[in-house]
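Peer 1: Structure: query.cif, mmCIF, C-alpha atoms.
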```
data_upload
#
loop_
_atom_site.label_atom_id
_atom_site.label_comp_id
_atom_site.auth_asym_id
_atom_site.auth_seq_id
_atom_site.Cartn_x
_atom_site.Cartn_y
_atom_site.Cartn_z
CA MET A 14 142.51 236.10 -195.66
CA ASP A 15 140.68 238.84 -193.80
CA LYS A 16 140.13 238.62 -190.10
CA MET A 17 136.43 238.46 -189.26
CA ILE A 18 136.47 238.20 -185.49
CA GLU A 19 139.39 239.15 -183.30
CA VAL A 20 139.19 238.30 -179.62
CA LYS A 21 141.87 239.99 -177.55
CA HIS A 22 142.53 238.98 -173.93
CA VAL A 23 138.89 238.60 -173.02
CA SER A 24 138.05 237.82 -169.40
CA LYS A 25 134.66 237.62 -167.79
CA SER A 26 133.77 237.20 -164.14
CA TYR A 27 130.40 237.04 -162.49
CA GLY A 28 129.47 237.75 -158.91
CA ASN A 29 130.63 240.55 -156.66
CA LYS A 30 134.11 241.79 -155.89
CA LEU A 31 134.47 239.69 -152.74
CA SER A 32 133.81 236.36 -154.42
CA PRO A 33 134.25 236.67 -158.16
CA VAL A 34 133.72 233.63 -160.35
CA LYS A 35 135.99 233.73 -163.35
CA VAL A 36 134.23 232.18 -166.34
CA LEU A 37 136.62 233.26 -169.09
CA ASP A 38 140.28 233.84 -168.38
CA ASN A 39 142.33 235.84 -170.89
CA ILE A 40 141.05 234.25 -174.09
CA SER A 41 142.49 235.36 -177.42
CA PHE A 42 141.84 233.98 -180.89
CA THR A 43 140.87 235.05 -184.38
CA VAL A 44 138.34 233.76 -186.87
CA GLU A 45 138.97 234.31 -190.58
CA LYS A 46 136.28 235.41 -193.02
CA GLY A 47 134.26 232.47 -194.31
CA GLU A 48 135.38 230.02 -191.63
CA PHE A 49 133.06 227.51 -189.97
CA VAL A 50 134.31 227.34 -186.40
CA GLY A 51 133.02 225.10 -183.63
CA ILE A 52 133.40 225.70 -179.92
CA MET A 53 133.33 222.66 -177.66
CA GLY A 54 133.99 221.95 -174.03
CA PRO A 55 132.44 220.45 -170.92
CA SER A 56 129.48 222.25 -169.38
CA GLY A 57 130.44 225.24 -167.32
CA ALA A 58 133.54 225.83 -169.42
CA GLY A 59 132.30 229.23 -170.56
CA LYS A 60 131.16 228.43 -174.10
CA THR A 61 127.84 230.21 -173.86
CA THR A 62 129.39 233.16 -172.04
CA LEU A 63 131.91 233.49 -174.85
CA MET A 64 129.15 233.40 -177.44
CA ASN A 65 127.16 236.05 -175.61
CA ILE A 66 130.21 238.30 -175.54
CA LEU A 67 131.12 237.74 -179.20
CA SER A 68 127.55 238.41 -180.29
CA THR A 69 127.37 241.78 -178.47
CA ILE A 70 124.78 240.58 -175.97
CA ASN A 71 127.07 240.76 -172.93
CA LEU A 72 130.14 242.82 -172.17
CA PRO A 73 133.43 241.25 -171.10
CA THR A 74 134.97 242.29 -167.78
CA MET A 75 138.28 242.89 -169.56
CA GLY A 76 139.63 242.72 -173.08
CA SER A 77 138.15 243.63 -176.43
CA VAL A 78 136.35 242.01 -179.34
CA LEU A 79 136.60 243.25 -182.93
CA ILE A 80 134.23 242.18 -185.68
CA GLN A 81 135.40 243.30 -189.13
CA GLY A 82 137.62 245.81 -187.38
CA ASN A 83 134.73 247.34 -185.39
CA GLU A 84 135.36 247.27 -181.68
CA ILE A 85 131.99 246.03 -180.45
CA THR A 86 133.00 246.25 -176.80
CA LYS A 87 133.13 250.05 -177.08
CA MET A 88 129.85 250.63 -178.93
CA LYS A 89 126.81 252.38 -177.49
CA ASN A 90 123.46 250.65 -177.18
CA ASN A 91 121.91 252.10 -180.33
CA GLU A 92 125.01 251.41 -182.40
CA LEU A 93 124.93 247.85 -181.12
CA SER A 94 121.28 247.45 -182.18
CA ASP A 95 122.16 248.57 -185.70
CA PHE A 96 125.27 246.43 -185.79
CA ARG A 97 123.43 243.31 -184.64
CA ARG A 98 120.67 243.87 -187.12
CA LYS A 99 122.90 244.45 -190.13
CA LYS A 100 125.76 242.05 -189.53
CA LEU A 101 124.85 239.24 -187.16
CA GLY A 102 122.53 236.24 -187.31
CA PHE A 103 121.41 234.21 -184.31
CA ILE A 104 120.26 230.60 -184.05
CA PHE A 105 119.23 229.26 -180.65
CA GLN A 106 118.69 225.83 -179.23
CA GLU A 107 115.13 226.79 -178.26
CA PHE A 108 114.54 228.77 -181.52
CA ASN A 109 113.20 231.95 -179.88
CA LEU A 110 110.51 232.49 -182.47
CA ILE A 111 107.69 234.90 -181.73
CA ASP A 112 104.63 232.69 -181.24
CA THR A 113 102.14 235.36 -182.22
CA LEU A 114 103.63 235.91 -185.67
CA ASN A 115 103.50 233.44 -188.53
CA ALA A 116 106.64 231.93 -190.02
CA LYS A 117 106.98 234.54 -192.73
CA ASP A 118 106.60 237.47 -190.35
CA ASN A 119 109.13 235.89 -188.02
CA ILE A 120 111.62 235.74 -190.87
CA LEU A 121 110.75 239.33 -191.84
CA LEU A 122 111.42 240.69 -188.36
CA PRO A 123 115.13 241.60 -188.83
CA LEU A 124 114.24 243.29 -192.15
CA ALA A 125 111.24 245.16 -190.77
CA VAL A 126 113.31 247.81 -189.05
CA GLU A 127 115.22 248.54 -192.26
CA ARG A 128 113.79 251.03 -194.76
CA ILE A 129 113.57 248.76 -197.76
CA SER A 130 110.80 248.16 -200.24
CA LYS A 131 108.24 245.43 -199.81
CA GLU A 132 109.30 243.67 -203.02
CA GLU A 133 112.86 243.45 -201.81
CA MET A 134 111.73 241.98 -198.50
CA GLU A 135 109.60 239.41 -200.29
CA LYS A 136 112.53 238.54 -202.50
CA SER A 137 114.92 238.01 -199.57
CA VAL A 138 112.38 235.90 -197.69
CA LEU A 139 111.69 233.77 -200.74
CA HIS A 140 115.40 233.32 -201.34
CA VAL A 141 116.13 231.89 -197.88
CA ALA A 142 112.86 229.96 -197.89
CA GLN A 143 113.96 228.18 -201.06
CA LEU A 144 117.40 227.55 -199.63
CA LEU A 145 115.92 225.92 -196.52
CA GLY A 146 112.94 224.29 -198.23
CA ILE A 147 110.23 226.01 -196.17
CA GLU A 148 108.18 227.78 -198.86
CA GLU A 149 105.11 225.70 -198.09
CA ILE A 150 104.97 226.45 -194.38
CA LEU A 151 105.49 230.23 -194.46
CA LYS A 152 101.86 230.98 -193.57
CA ARG A 153 101.80 228.79 -190.47
CA TYR A 154 102.34 229.81 -186.86
CA PRO A 155 105.21 228.34 -184.81
CA ASP A 156 102.91 226.15 -182.70
CA GLU A 157 101.61 224.49 -185.88
CA LEU A 158 105.10 223.43 -186.95
CA SER A 159 107.33 220.51 -186.07
CA VAL A 160 110.48 221.11 -184.06
CA GLY A 161 112.72 220.65 -187.08
CA GLN A 162 110.62 223.08 -189.13
CA ARG A 163 110.75 225.62 -186.33
CA GLN A 164 114.52 225.44 -186.25
CA ARG A 165 114.61 225.97 -190.01
CA ILE A 166 112.39 229.04 -189.64
CA ALA A 167 114.78 230.31 -186.98
CA ALA A 168 117.71 229.63 -189.30
CA ALA A 169 115.93 231.46 -192.12
CA ARG A 170 115.39 234.43 -189.82
CA ALA A 171 119.10 234.46 -189.03
CA LEU A 172 120.10 234.19 -192.69
CA VAL A 173 117.62 236.61 -194.29
CA ILE A 174 119.79 239.67 -193.71
CA GLN A 175 122.80 237.84 -195.20
CA PRO A 176 124.80 238.28 -192.03
CA GLN A 177 128.57 238.51 -191.89
CA VAL A 178 128.64 236.19 -188.91
CA ILE A 179 126.14 233.57 -187.78
CA PHE A 180 126.15 232.62 -184.11
CA ALA A 181 124.57 229.29 -183.30
CA ASP A 182 124.35 227.87 -179.77
CA GLU A 183 123.50 224.18 -179.79
CA PRO A 184 121.36 224.57 -182.92
CA THR A 185 120.91 220.82 -183.18
CA GLY A 186 120.30 220.37 -179.45
CA SER A 187 116.57 219.89 -179.71
CA LEU A 188 116.46 218.18 -183.10
CA ASP A 189 116.38 214.51 -184.04
CA SER A 190 119.32 213.24 -186.03
CA LYS A 191 117.64 213.59 -189.42
CA SER A 192 116.60 217.21 -188.89
CA ALA A 193 120.00 217.90 -187.34
CA THR A 194 121.81 216.58 -190.42
CA GLU A 195 119.53 218.63 -192.66
CA LEU A 196 120.16 221.80 -190.68
CA LEU A 197 123.91 221.20 -190.70
CA ASN A 198 123.83 220.72 -194.45
CA TYR A 199 121.99 224.02 -194.79
CA LEU A 200 124.56 225.73 -192.60
CA THR A 201 127.35 224.26 -194.70
CA THR A 202 125.61 225.55 -197.82
CA MET A 203 125.33 228.99 -196.24
CA ASN A 204 129.00 228.85 -195.41
CA ARG A 205 130.06 227.75 -198.89
CA VAL A 206 127.59 229.62 -201.10
CA GLU A 207 126.90 232.84 -199.19
CA LYS A 208 130.38 232.94 -197.61
CA SER A 209 129.00 233.55 -194.13
CA THR A 210 131.31 233.05 -191.21
CA ILE A 211 129.72 230.63 -188.74
CA LEU A 212 130.42 230.16 -185.04
CA LEU A 213 128.76 227.16 -183.51
CA VAL A 214 128.70 225.91 -179.93
CA THR A 215 127.96 222.25 -179.44
CA HIS A 216 128.34 219.22 -177.22
CA ASP A 217 127.81 216.78 -180.00
CA PRO A 218 130.89 215.52 -181.89
CA TYR A 219 128.75 214.67 -184.91
CA THR A 220 127.55 218.27 -185.21
CA ALA A 221 131.08 219.47 -184.61
CA SER A 222 132.45 217.34 -187.44
CA TYR A 223 130.78 219.71 -189.92
CA CYS A 224 133.11 222.53 -188.85
CA ASP A 225 136.46 223.48 -190.37
CA ARG A 226 138.09 224.03 -187.03
CA ILE A 227 137.14 223.40 -183.42
CA LEU A 228 138.24 225.30 -180.35
CA PHE A 229 138.13 223.34 -177.12
CA ILE A 230 137.47 225.40 -174.03
CA LYS A 231 138.03 224.19 -170.51
CA ASP A 232 137.83 226.21 -167.30
CA GLY A 233 137.66 229.48 -169.20
CA VAL A 234 140.78 229.03 -171.31
CA ILE A 235 141.36 227.59 -174.77
CA PHE A 236 142.58 224.09 -174.11
CA SER A 237 143.39 223.09 -177.67
CA GLU A 238 142.37 223.39 -181.28
CA VAL A 239 141.57 220.73 -183.87
CA VAL A 240 141.67 221.62 -187.57
CA ARG A 241 139.94 219.53 -190.20
CA ARG A 242 142.27 218.33 -192.91
CA GLY A 243 140.95 215.09 -194.32
CA SER A 244 137.49 213.57 -194.46
CA ARG A 245 134.68 214.24 -192.03
CA ASN A 246 134.94 210.77 -190.51
CA GLU A 247 138.58 211.19 -189.67
CA PHE A 248 137.81 214.61 -188.19
CA PHE A 249 134.98 213.09 -186.15
CA GLU A 250 137.41 210.53 -184.66
CA ARG A 251 139.86 213.25 -183.72
CA VAL A 252 137.12 215.30 -182.10
CA ILE A 253 136.10 212.32 -179.98
CA ASP A 254 139.71 211.68 -178.98
CA MET A 255 140.10 215.29 -177.95
CA GLN A 256 136.88 215.09 -175.92
CA ALA A 257 138.28 212.06 -174.13
CA THR A 258 141.47 213.98 -173.33
CA ILE A 259 139.51 216.90 -172.00
CA GLY A 260 137.25 214.66 -169.92
CA GLY A 261 133.86 215.38 -171.38
CA GLY A 262 132.75 212.36 -173.36
CA GLY A 263 135.25 210.24 -175.28
CA LYS A 264 135.03 206.97 -177.07
CA LEU A 265 134.13 204.86 -174.04
CA ASN A 266 131.23 207.14 -173.16
CA ALA A 267 130.11 207.43 -176.75
CA LEU A 268 129.77 203.70 -177.17
CA MET B 17 106.73 247.54 -191.47
CA LEU B 18 107.87 246.98 -187.92
CA TYR B 19 104.70 248.58 -186.60
CA LYS B 20 102.62 246.46 -188.92
CA LEU B 21 104.29 243.33 -187.54
CA ALA B 22 103.76 244.57 -183.98
CA ALA B 23 100.09 245.20 -184.72
CA LYS B 24 99.67 241.72 -186.18
CA SER B 25 101.30 240.17 -183.15
CA PHE B 26 99.13 242.25 -180.83
CA LEU B 27 95.90 241.32 -182.60
CA ARG B 28 96.87 237.66 -182.45
CA GLN B 29 97.18 237.80 -178.67
CA SER B 30 94.31 240.22 -178.11
CA ARG B 31 92.23 237.45 -176.56
CA GLY B 32 94.55 237.56 -173.54
CA TYR B 33 93.54 241.18 -173.01
CA LEU B 34 89.80 240.51 -173.07
CA VAL B 35 89.24 240.31 -169.31
CA TYR B 36 91.32 243.44 -168.77
CA PHE B 37 89.32 245.22 -171.46
CA PHE B 38 85.98 244.30 -169.91
CA SER B 39 87.07 245.33 -166.42
CA LEU B 40 88.18 248.69 -167.77
CA THR B 41 84.91 249.11 -169.67
CA LEU B 42 82.87 248.25 -166.59
CA SER B 43 84.74 250.62 -164.33
CA THR B 44 84.45 253.43 -166.86
CA MET B 45 80.74 252.80 -167.06
CA ILE B 46 80.38 253.02 -163.29
CA TYR B 47 82.49 256.15 -163.10
CA TYR B 48 80.48 257.79 -165.85
CA SER B 49 77.21 256.93 -164.12
CA PHE B 50 78.41 258.41 -160.81
CA SER B 51 79.52 261.50 -162.61
CA THR B 52 76.21 261.82 -164.46
CA ILE B 53 74.22 261.52 -161.27
CA SER B 54 76.18 264.34 -159.72
CA TYR B 55 75.29 266.49 -162.75
CA ASP B 56 71.61 265.49 -162.65
CA GLN B 57 69.95 268.81 -161.87
CA LEU B 58 66.59 267.43 -160.91
CA LEU B 59 68.12 265.09 -158.41
CA ASN B 60 70.50 267.77 -157.19
CA ARG B 61 67.75 270.25 -156.49
CA ARG B 62 65.87 267.63 -154.53
CA THR B 63 68.87 266.65 -152.42
CA GLN B 64 70.35 270.09 -151.91
CA GLN B 65 69.46 270.06 -148.26
CA ASP B 66 71.24 266.76 -147.89
CA SER B 67 74.90 267.71 -148.20
CA LEU B 68 75.98 264.16 -147.30
CA PHE B 69 74.63 262.92 -150.61
CA ASN B 70 77.10 264.92 -152.65
CA VAL B 71 79.94 264.04 -150.32
CA PHE B 72 79.23 260.35 -150.83
CA LEU B 73 79.10 260.74 -154.58
CA GLY B 74 82.45 262.54 -154.45
CA ILE B 75 84.01 259.83 -152.30
CA GLY B 76 82.69 257.19 -154.70
CA SER B 77 84.37 258.86 -157.66
CA TRP B 78 87.66 259.14 -155.84
CA ILE B 79 87.60 255.51 -154.77
CA ILE B 80 87.03 254.44 -158.38
CA LEU B 81 89.87 256.67 -159.51
CA ILE B 82 92.34 255.22 -157.02
CA VAL B 83 91.31 251.59 -157.45
CA LEU B 84 91.48 252.00 -161.19
CA LEU B 85 94.95 253.51 -160.92
CA PHE B 86 96.28 250.47 -159.06
CA PHE B 87 94.43 248.14 -161.36
CA VAL B 88 95.89 249.73 -164.49
CA ILE B 89 99.42 249.71 -163.12
CA SER B 90 99.42 246.12 -161.92
CA ALA B 91 97.58 244.76 -164.95
CA ASN B 92 100.04 246.44 -167.30
CA ARG B 93 102.97 245.16 -165.31
CA PHE B 94 101.52 241.67 -165.63
CA PHE B 95 101.16 242.03 -169.40
CA PHE B 96 104.63 243.46 -169.69
CA ASN B 97 106.16 240.56 -167.77
CA ARG B 98 104.27 238.09 -169.91
CA ARG B 99 105.70 239.64 -173.04
CA GLN B 100 109.29 239.91 -171.85
CA ARG B 101 110.40 237.10 -174.10
CA GLU B 102 108.94 238.81 -177.15
CA ILE B 103 110.55 242.12 -176.19
CA GLY B 104 113.89 240.36 -175.70
CA ILE B 105 113.68 238.88 -179.19
CA TYR B 106 112.79 242.25 -180.71
CA GLN B 107 115.85 243.75 -179.08
CA LEU B 108 118.08 240.94 -180.26
CA PHE B 109 117.06 241.61 -183.84
CA GLY B 110 117.97 245.23 -183.56
CA VAL B 111 114.74 246.99 -182.64
CA LYS B 112 115.65 250.00 -180.51
CA LYS B 113 114.29 250.54 -177.02
CA THR B 114 112.55 253.73 -178.09
CA GLN B 115 110.73 251.85 -180.84
CA ILE B 116 109.67 249.07 -178.45
CA SER B 117 108.49 251.66 -175.92
CA LEU B 118 106.47 253.41 -178.62
CA ILE B 119 104.81 250.15 -179.67
CA TYR B 120 104.02 249.40 -176.06
CA VAL B 121 102.60 252.85 -175.30
CA LEU B 122 100.46 252.75 -178.44
CA GLU B 123 99.07 249.33 -177.55
CA THR B 124 98.26 250.37 -173.99
CA MET B 125 96.63 253.59 -175.09
CA ALA B 126 94.66 251.82 -177.82
CA ILE B 127 93.10 249.41 -175.35
CA GLY B 128 92.53 252.22 -172.87
CA LEU B 129 90.81 254.52 -175.34
CA PHE B 130 88.74 251.74 -176.79
CA ALA B 131 87.61 250.56 -173.35
CA CYS B 132 86.94 254.13 -172.26
CA THR B 133 84.74 254.85 -175.27
CA ALA B 134 82.87 251.59 -174.87
CA GLY B 135 82.42 252.33 -171.16
CA ILE B 136 81.01 255.78 -171.84
CA ILE B 137 78.57 254.43 -174.41
CA LEU B 138 77.43 251.76 -171.97
CA GLY B 139 77.31 254.40 -169.26
CA ILE B 140 75.05 256.62 -171.36
CA ILE B 141 72.74 253.66 -171.91
CA PHE B 142 72.69 252.53 -168.29
CA SER B 143 72.98 255.81 -166.38
CA LYS B 144 69.20 256.22 -166.33
CA LEU B 145 68.92 252.78 -164.76
CA PHE B 146 71.40 253.76 -162.06
CA SER B 147 69.63 256.97 -161.22
CA MET B 148 66.30 255.14 -161.16
CA ILE B 149 67.70 252.66 -158.66
CA LEU B 150 69.07 255.52 -156.58
CA ILE B 151 65.75 257.40 -156.58
CA ARG B 152 63.87 254.25 -155.62
CA MET B 153 66.25 253.56 -152.77
CA MET B 154 66.01 257.11 -151.50
CA ASN B 155 62.20 257.08 -151.79
CA LEU B 156 62.15 260.32 -153.74
CA GLN B 157 59.07 261.33 -155.67
CA ILE B 158 60.74 262.35 -158.92
CA THR B 159 61.20 260.70 -162.28
CA SER B 160 64.67 260.45 -163.67
CA LEU B 161 65.23 261.74 -167.17
CA PHE B 162 67.47 260.30 -169.80
CA PHE B 163 70.23 262.74 -170.66
CA ILE B 164 73.77 262.74 -171.96
CA SER B 165 76.10 264.72 -169.77
CA VAL B 166 78.95 266.26 -171.77
CA PRO B 167 80.98 267.35 -168.72
CA SER B 168 80.76 263.75 -167.44
CA ILE B 169 82.19 262.45 -170.71
CA PHE B 170 85.06 264.91 -170.40
CA GLU B 171 85.59 263.97 -166.78
CA THR B 172 85.72 260.27 -167.66
CA PHE B 173 88.27 260.78 -170.42
CA LEU B 174 90.30 262.93 -168.07
CA LEU B 175 90.26 260.18 -165.46
CA PHE B 176 91.58 257.77 -168.05
CA PHE B 177 94.37 259.99 -169.23
CA PHE B 178 95.34 260.64 -165.63
CA ASP B 179 95.46 256.91 -164.81
CA PHE B 180 97.46 255.97 -167.88
CA ILE B 181 99.90 258.81 -167.52
CA CYS B 182 100.44 257.80 -163.88
CA CYS B 183 100.98 254.24 -165.08
CA PHE B 184 103.61 255.27 -167.64
CA PHE B 185 105.23 257.54 -165.10
CA VAL B 186 105.55 254.67 -162.61
CA PHE B 187 107.09 252.48 -165.34
CA ILE B 188 109.58 255.15 -166.34
CA MET B 189 110.61 255.72 -162.73
CA GLU B 190 111.09 252.00 -162.20
CA ASN B 191 113.18 251.82 -165.36
CA LEU B 192 115.39 254.67 -164.26
CA ALA B 193 115.88 253.14 -160.84
CA LEU B 194 116.94 249.79 -162.27
CA SER B 195 120.13 249.25 -164.20
CA ASP B 196 120.32 248.82 -167.95
CA ASP B 197 120.25 245.03 -168.01
CA SER B 198 117.31 244.87 -165.59
CA LYS B 199 114.61 242.33 -166.23
CA PHE B 200 112.50 244.95 -168.02
CA TRP B 201 114.98 245.20 -170.84
CA ARG B 202 116.64 241.84 -170.69
CA ILE B 203 117.75 241.00 -174.19
CA ARG B 204 117.31 237.45 -175.39
CA SER B 205 120.68 235.73 -174.97
CA PHE B 206 122.26 232.36 -175.47
CA GLY B 207 121.69 229.86 -172.72
CA LYS B 208 118.58 231.52 -171.29
#
```
Once more with this new file: its structure as structure tokens, please.

Peer 2:
Amino acid sequence: MDKMIEVKHVSKSYGNKLSPVKVLDNISFTVEKGEFVGIMGPSGAGKTTLMNILSTINLPTMGSVLIQGNEITKMKNNELSDFRRKKLGFIFQEFNLIDTLNAKDNILLPLAVERISKEEMEKSVLHVAQLLGIEEILKRYPDELSVGQRQRIAAARALVIQPQVIFADEPTGSLDSKSATELLNYLTTMNRVEKSTILLVTHDPYTASYCDRILFIKDGVIFSEVVRRGSRNEFFERVIDMQATIGGGGKLNAL
Amino acid sequence: MLYKLAAKSFLRQSRGYLVYFFSLTLSTMIYYSFSTISYDQLLNRRTQQDSLFNVFLGIGSWIILIVLLFFVISANRFFFNRRQREIGIYQLFGVKKTQISLIYVLETMAIGLFACTAGIILGIIFSKLFSMILIRMMNLQITSLFFISVPSIFETFLLFFFDFICCFFVFIMENLALSDDSKFWRIRSFGK
């Protein structure tokens, strides 16, 4: 299988030279094309920092990141803009929709910069809207939508360009369990049908159980890795056990 | 398409700019009226002996110019800060800084020009009233005439271009002084 993301010896520290705070310490791993990878770990472990670096938003202090063989850590600002727009999709915990645009225009935003015909845009929007079941609410503004609907709009915006990689940070964090399950099913569909690679950060073992593989991060290093082999329930149990080992949750806390 | 989206978004939040728009219109109107009075030949001939009169009119214009400059700069900074989130999202989805700057400049100029034109029209309507008040207060025995002063219109537009160019200049200087990931250009990121 092709390598989608290659992370090579990435370190990141914040603060000044006198008192640096090391958030990521020499992390290396690879993600294959079409994988659904979860990243878990206690808060402050560096999950979000890692996501920001992988998604070209922040630069690492040391090391390099390659996406499809492109070294994103060496790109210039304008190249990065193009790269983000063409290859990456983003889903946030707090959606980050533009409140002054209606749902359809929000979804159109990543396409708007591209020089493509209006019919093609309409077609792409309709395609993702059907996939996520939001055709009826396309005309509404974000403040007229429920939280679950907003997250689906945000997901549609991430998916409309048919990204190579989707980055999702706690996408189910502000959803109730029903909407969360729905969103996760959509993500799984995206992963299976459109062959998008998905990277997902989460605290929640239930959300994590939808992944193929989970990386556990603790104190800026990869602590361990759990790969799904059997059913989702069995995977869920193993995720909880690993959380207990790492000290951020576990069966006793979950009960 | 991007500019169409930006325009839609701007129109949707145009209500937030209403107070700013009216203040700009009002100050343009006042500036125009001052300017017209200083071009009023009848009044000028009558007050030629009184050199203080023209000095005061001049000072008035300058005060408006300077106050307006500060007003434009701080109001625009306020609007810019309020829209940081939106700008961060645009950047995240691959809109380049030059494109965002262009959208922003166009919006600012559009409001400015619109307010300036409205102010001049109001000024033309009310300038007679202002000169009447002035003549009454000075106890002069002349009647003020209604006239449209073309040099005043030019002067008012010039004032506006000067203020907005100063405003953009200040913004550019601030941007150069700050680093790339300053709050002006903070891209929307995970965990923030």

Peer 1: What are the residues of chain A lining chain B at 10 Å or less? Count all atoms listed in the file, and put the answer as a VMD selection string.

Peer 2: chain A and resid 60 to 66 68 to 71 90 to 99 101 to 107 109 to 115 118 to 119 121 to 131 170 to 171 180 to 183

Peer 1: Considering all atoms listed in the file, can you say which of A:Arg226, A:His140, A:Lys21, A:His216 comes closest to A:Pro184?

Peer 2: A:His216

Peer 1: Record the distance separating atom CA of A:Phe49 and atom CA of A:Asn198, expressed in Å with one decimal.

Peer 2: 12.3 Å

Peer 1: Extract, using all atoms listed in the file, all DNA, RNA and protein residues at most 8 Å from A:Asp225, discarding same-chain residues fewer than 3 positions from it, and format them as a PyMOL selection string.

Peer 2: chain A and resi 48-51+222+240-241

Peer 1: Which residues would end up in the selection if the PyMOL selection byres ((chain B and resi 32-42) around 9) were applied here, given that I need the answer as a ChimeraX atom specification?

Peer 2: /B:29-31,43-47,84,87-88,91,95,127-128,130-136,138-139

Peer 1: What does the distance from atom CA of B:Asn92 to atom CA of B:Cys182 come to in Å, to one decimal?

Peer 2: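 If I compute the distance from atom CA of B:Asn92 to atom CA of B:Cys182, I get 11.9 Å.
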
Peer 1: Could you please give me, as a list of chain:residue names, the residues of protein, DNA or RNA lying at most 12 Å from (127.6, 227.3, -198.2) in the coordinate frame of the file, considering all atoms listed in the file?

Peer 2: A:Gly47, A:Glu48, A:Phe49, A:Leu144, A:Leu145, A:Leu172, A:Gln175, A:Leu196, A:Leu197, A:Asn198, A:Tyr199, A:Leu200, A:Thr201, A:Thr202, A:Met203, A:Asn204, A:Arg205, A:Val206, A:Glu207, A:Lys208, A:Ser209, A:Thr210, A:Ile211, A:Tyr223, A:Cys224

Peer 1: Atom CA of B:Leu129 and atom CA of B:Phe96, how far apart in Å?

Peer 2: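 So the two atoms, atom CA of B:Phe96 and atom CA of B:Leu129, lie 18.6 Å apart.
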
Peer 1: Give as a ChimeraX atom specification the residues that the PyMOL selection byres ((chain B and resi 183) around 12) matches when applied to the coordinates above.

Peer 2: /B:82,84-93,121,124-125,128,176-182,184-190

Peer 1: Given the file shown, determine the residues that the PyMOL selection byres ((chain A and resi 250-252) around 9) selects; report them as a ChimeraX atom specification.

Peer 2: /A:218-219,221-222,227,239,245-249,253-257,263-264

Peer 1: Which residue gives the smallest distance to A:Val78 among A:Ile150, A:Val36, A:Ile18, A:Ile52, with only C-alpha atoms counted?

Peer 2: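 Checking each of A:Ile150, A:Val36, A:Ile18, A:Ile52 against A:Val78, counting only C-alpha atoms, the winner is A:Ile18.
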
Peer 1: Starting from the point (111.8, 228.0, -192.0), work out which residues of protein, DNA or RNA have an atom no more than 7 Å away when counting all atoms listed in the file; state them as an MDAnalysis selection string.

Peer 2: chainID A and resid 116 142 145 147 162:169

Peer 1: Kindly provide, as lines of an AutoDock Vina configuration file, the centre and edge lengths (Å, one decimal) of an axis-aligned box around all atoms of stretch 244-249 of chain A given in the file, with 3 Å on each side.

Peer 2:
```
center_x = 136.6
center_y = 212.7
center_z = -190.3
size_x = 9.9
size_y = 9.8
size_z = 14.3
```

Peer 1: Would you please work out which residue, of B:Thr172, B:Ser77, B:Ser160, B:Asn155, is nearest to B:Leu59 when using all atoms listed in the file?

Peer 2: B:Ser160
